[in-house]
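K.L.:
The following block contains the structure, expressed as structure tokens.
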Amino acid sequence: MSRLRLRLGWWLIAIPMSLLALATIYPLLFTANVAMKTRRDYILDRFSLTDALRWENISTAWNSVGMGRYFVNSLFVVTVSVLLLLLLGSMAGFALSQLRFRGSSALFLGCLAGLFIPFQVIMVPLARIMADTALIDTYPGLILVYVAQFLPFTVFLMTSYYKGIPSEIVDAARIDGNTVYGVYRRIMLPLGTPALLSVGILNALFCWNDVLMALVMMPSAEHRTLMIGVTSLRGQYSDNIPTFASGVLIAAIPVLLVYLFLQRQIADGVAAGSTKG
């Protein structure tokens, strides 16, 4: 009887999870299949399997449509934004968790409050400020917006992680003659590498998948990020769905590779705030 209940429980878990996995994987497989079709084949039967791998659709999307330029734009903006987020977030996390100064708790609560402010609330005044400072349609402007938007999340996770490090380690490093900067650089940064990796991956995914902030900050076609380029394809190539699907596939492949090879670090980053501090 106990073995029957165990098998029944296993099936009750396996069946919903299998359906969820299928619902997640099918759109990607459908998009890849459509990207390999000709426009005629798609019109005749959009759900049939393609009879050949036609890479010219992806080549057209990459070169003629401009997805290659959008890819480079996104790669640059995301890389710089994540590096700044890790630098500022790790410094703030170290200060709020290990250094004792007046107002640290209030400052941490202020950072937490930033998590509850959606971008839509500050979108109009932020756009006005960026326009007045000539940062609209510039890479530094979009980078600053990403850093401001995702810094509270980074500070929260890094502070939670650093709180789990015994304060005696910091005190011993100070007794050995290290300055505050020396403790941060020689002790806290190496110890915080797992959290930095997890937070960096999550922030990279947030920035890479963003549409709204990039759409507000980058109105011109030259400076578009990859996701904005994909959304623009839907209007320009509404009669050529295989080309549009190729653009979607180009945008999805980096995210898919990150999830496949770094899923453990992503899970650790999501759990960091609830298991530390």
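Residue numbering restarts at 1 in every chain; chains get A, B, ... in the order shown in the structure tokens, and ligands count up from 1 in that same order.
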Near Ala32 of chain A, counting only C-alpha atoms, which residues have an atom at most 12 Å away, once you skip same-chain residues fewer than 3 positions from it, shown as number ranges by chain?
P.N.:
A: 25-29, 35-37, 46-47, 49-50, 53-55, 57-58, 241-253
K.L.:
Step one, run DSSP on the backbone; step two, keep only residues of segment 67-140 of chain A assigned to alpha helix (DSSP H); then write them as a count of residues only.
P.N.:
58
K.L.:
If we count only C-alpha atoms and set the cut-off at 9 Å, which residues sit around segment 204-220 of chain A, ignoring sequence neighbours fewer than 4 positions away in its own chain? Please answer as a ChimeraX atom specification.
P.N.:
/A:74-75,77-79,81-82,119-120,123,127,130,135-139,141-142,145-146,150,199-200,224-228,231,251,255,258
K.L.:
Using only C-alpha atoms, which of the listed residues (A:Ile169, A:Leu144, A:Ala52, A:Val65) sits closest to Tyr184 of chain A?
P.N.:
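The closest residue to Tyr184 of chain A is A:Ile169.
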K.L.:
So that I can see what lies close to segment 88-99 of chain A, please list as a list in words the residues with an atom at most 7 Å from it, counting only C-alpha atoms and leaving out residues fewer than 3 positions away in the same chain.
P.N.:
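Residues meeting the cut-off are Leu84, Leu85, Ser104, Phe108, Leu151, Thr154, Val155, Met158, Thr159, Tyr162, Lys163 and Ser167 of chain A.
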K.L.:
With N, CA and C atoms retained, export the selected residues as a compact mmCIF listing (two decimals), in the first residue's frame.
P.N.:
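The resulting part.txt:
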```txt
# COMPACT_ATOMS: atom_id res chain seq x y z
N LEU A 84 28.50 47.62 -13.49
CA LEU A 84 28.23 48.71 -12.55
C LEU A 84 27.33 48.24 -11.41
N LEU A 85 26.34 47.43 -11.73
CA LEU A 85 25.45 46.92 -10.69
C LEU A 85 26.20 46.06 -9.68
N SER A 104 22.13 53.13 8.99
CA SER A 104 22.29 52.03 8.03
C SER A 104 20.98 51.26 7.84
N PHE A 108 18.96 50.88 4.35
CA PHE A 108 18.61 49.58 3.78
C PHE A 108 17.12 49.51 3.48
N LEU A 151 19.35 48.33 -9.14
CA LEU A 151 20.27 48.42 -8.00
C LEU A 151 19.61 48.03 -6.68
N THR A 154 19.80 44.34 -6.39
CA THR A 154 21.18 43.89 -6.19
C THR A 154 21.65 44.16 -4.77
N VAL A 155 21.34 45.33 -4.24
CA VAL A 155 21.75 45.67 -2.88
C VAL A 155 21.08 44.75 -1.88
N MET A 158 22.81 41.23 -2.10
CA MET A 158 24.19 41.25 -1.61
C MET A 158 24.24 41.51 -0.11
N THR A 159 23.37 42.37 0.39
CA THR A 159 23.32 42.60 1.84
C THR A 159 22.89 41.34 2.57
N TYR A 162 25.93 38.91 2.51
CA TYR A 162 27.05 39.32 3.36
C TYR A 162 26.70 39.25 4.85
N LYS A 163 25.42 39.32 5.18
CA LYS A 163 25.04 39.19 6.59
C LYS A 163 25.32 37.78 7.11
N SER A 167 31.02 38.36 11.36
CA SER A 167 31.67 39.67 11.51
C SER A 167 33.09 39.54 12.05
```
K.L.:
Could you jot down the atom CA of Asp45 of chain A to atom CA of Gly229 of chain A separation for me, Å, one decimal place?
P.N.:
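If I compute the distance from atom CA of Asp45 of chain A to atom CA of Gly229 of chain A, I get 26.7 Å.
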K.L.:
Could you please determine the separation between atom CA of His223 of chain A and atom CA of Pro140 of chain A in Å, to one decimal place?
P.N.:
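A separation of 11.5 Å between them.
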K.L.:
Ranking A:Gly164, A:Gly103, A:Gly182, A:Gly177 by minimum distance to Ala195 of chain A and counting only C-alpha atoms, which one comes first?
P.N.:
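Under the stated criterion, the closest residue is A:Gly164.
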